[in-house]
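Accompanying notes for the structure given below.
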Amino acid sequence: MTIAEIISSLPYSKPFLFVDEIIHIDENGVEGSYTFDENLDFYKGHFKDNPVTPGVILTEVMAQIGVVCLGIFLLNNEFTKSGIIALTSCEIEFLKPVYPNEKVTVFSEKIFFRFGKLKCQVKMLNEVGETVCKGTIAGIIKA
């Protein structure tokens, strides 16, 4: 499955698609990036006059790149948009804020993929290479 096919298979659309590119993907992990457009709606209220990307959105970016993209790749051509994707657990430590117009890169390493459950060690870096957040995310991905 090609990178373009993986991205087109994602069951998300703007404004909730948080994958700009997949830089590298193989059976053990994935690296991808996303740039936070300053016009995203949540910046209007989080926080007033000092917009910061909500942690739940940072988690979603890591889940979309680090678990869903990898899961689609691992399932190869078996996954369709009618497939099942569900978050089962996550434990994330937030270390630095992410502001509008920042580009982040997500690195994900597969811990295991069995019986449709994928668990990954994930981390997000900002443009200067600082770790923004890190942790584990698991989800169910079935064709």
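Residues are named by chain letter and number: chains run A, B, ... in the order of the structure tokens, numbers start at 1 in each chain, and ligands are numbered from 1 in the order shown.
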field: Surrounding residues of A:Leu70 excluding itself and chain neighbours under 3 positions, 10 Å, only C-alpha atoms, as a PyMOL selection string
entry: chain A and resi 6+22+25-31+63-67+73-76+108-110+118+120+141
message: Which residues are near A:Val128? Cut-off 10 Å, only C-alpha atoms, ignore same chain within fewer than 2 positions. Put them as number ranges by chain.
response: A: 103-104, 125-126, 130-131
- request: Report the residues of chain A whose backbone DSSP state falls under strand (DSSP E), written as a PyMOL selection string.
  value: chain A and resi 21-26+29-35+84-94+103-114+117-125+131-142
Spatial neighbours of A:His46, 12 Å, only C-alpha atoms, chain gap at least 2 places, as a ChimeraX atom specification: /A:38,40-44,48-57,97-100
task: For A:Gly139, please output as an NGL selection string all residues within 9 Å (counting only C-alpha atoms; exclusion window: fewer than 3 positions along the same chain).
output: :A and (63 or 67-68 or 85-90 or 116-119)
Keeping N, CA, C and O atoms, export the residues of the selection given above as a short mmCIF file (atom, residue, chain, number, x, y, z; two decimals), in the first residue's frame.
```
data_model
loop_
_atom_site.label_atom_id
_atom_site.label_comp_id
_atom_site.auth_asym_id
_atom_site.auth_seq_id
_atom_site.Cartn_x
_atom_site.Cartn_y
_atom_site.Cartn_z
N ALA A 63 -2.68 9.94 17.38
CA ALA A 63 -3.49 8.74 17.10
C ALA A 63 -3.67 8.55 15.60
O ALA A 63 -3.54 7.43 15.09
N VAL A 67 -1.21 5.60 15.00
CA VAL A 67 -1.96 4.35 15.16
C VAL A 67 -2.79 4.05 13.91
O VAL A 67 -2.70 2.97 13.35
N VAL A 68 -3.60 5.01 13.46
CA VAL A 68 -4.50 4.74 12.33
C VAL A 68 -3.72 4.54 11.03
O VAL A 68 -3.95 3.56 10.32
N ILE A 85 -12.48 1.66 13.57
CA ILE A 85 -11.35 2.29 14.25
C ILE A 85 -11.88 2.82 15.57
O ILE A 85 -12.86 3.57 15.59
N ALA A 86 -11.27 2.42 16.67
CA ALA A 86 -11.71 2.89 17.98
C ALA A 86 -10.52 3.00 18.91
O ALA A 86 -9.69 2.09 18.98
N LEU A 87 -10.43 4.11 19.61
CA LEU A 87 -9.41 4.29 20.63
C LEU A 87 -9.74 3.40 21.82
O LEU A 87 -10.88 3.37 22.27
N THR A 88 -8.75 2.65 22.30
CA THR A 88 -9.01 1.80 23.46
C THR A 88 -8.29 2.29 24.70
O THR A 88 -8.76 2.07 25.81
N SER A 89 -7.14 2.95 24.52
CA SER A 89 -6.45 3.51 25.68
C SER A 89 -5.38 4.48 25.22
O SER A 89 -4.86 4.38 24.12
N CYS A 90 -5.09 5.43 26.11
CA CYS A 90 -3.96 6.31 25.85
C CYS A 90 -3.45 6.87 27.16
O CYS A 90 -4.21 7.06 28.11
N GLY A 116 -6.48 -7.45 15.92
CA GLY A 116 -7.04 -6.16 15.54
C GLY A 116 -6.68 -5.01 16.46
O GLY A 116 -7.09 -3.88 16.23
N LYS A 117 -5.94 -5.27 17.53
CA LYS A 117 -5.55 -4.21 18.45
C LYS A 117 -4.10 -3.81 18.19
O LYS A 117 -3.21 -4.66 18.16
N LEU A 118 -3.91 -2.51 18.00
CA LEU A 118 -2.58 -1.96 17.76
C LEU A 118 -2.22 -1.04 18.91
O LEU A 118 -2.99 -0.14 19.26
N LYS A 119 -1.07 -1.28 19.52
CA LYS A 119 -0.58 -0.43 20.60
C LYS A 119 0.78 0.11 20.19
O LYS A 119 1.64 -0.65 19.72
#
```
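Coordinates place atom CA of A:Ile72 at a distance of 7.7 Å from atom CA of A:Ser9.
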- request: Mind the document's chain letters and residue numbers, and return as a PyMOL selection string the residues of stretch 18-132 of chain A that DSSP labels alpha helix (DSSP H).
  value: chain A and resi 55-63+70-75
task: Please identify all polymer residues within 12 Å of A:Ser8, counting only C-alpha atoms, omitting same-chain residues fewer than 2 positions from it, and present them as JSON, numbers by chain.
output: {"A": [1, 2, 3, 4, 5, 6, 10, 11, 12, 13, 17, 19, 20, 21, 22, 69, 72, 73, 79, 80, 81]}
message: Please report the interatomic distance between atom CA of A:Glu60 and atom CA of A:Asp37 in Å with one decimal.
response: 15.4 Å
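One finds atom CA of A:Lys134 at 27.0 Å from atom CA of A:Gly83.
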query: Taking into account only C-alpha atoms, which residue in the set A:Val132, A:Met124, A:Ile84, A:Ile140 is nearest to A:Val106?
result: A:Met124
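For the set A:Ser33, A:Asn101, A:Ser82, A:Thr136, the residue with the smallest atom-to-atom gap to A:Lys123 is A:Thr136, counting only C-alpha atoms.
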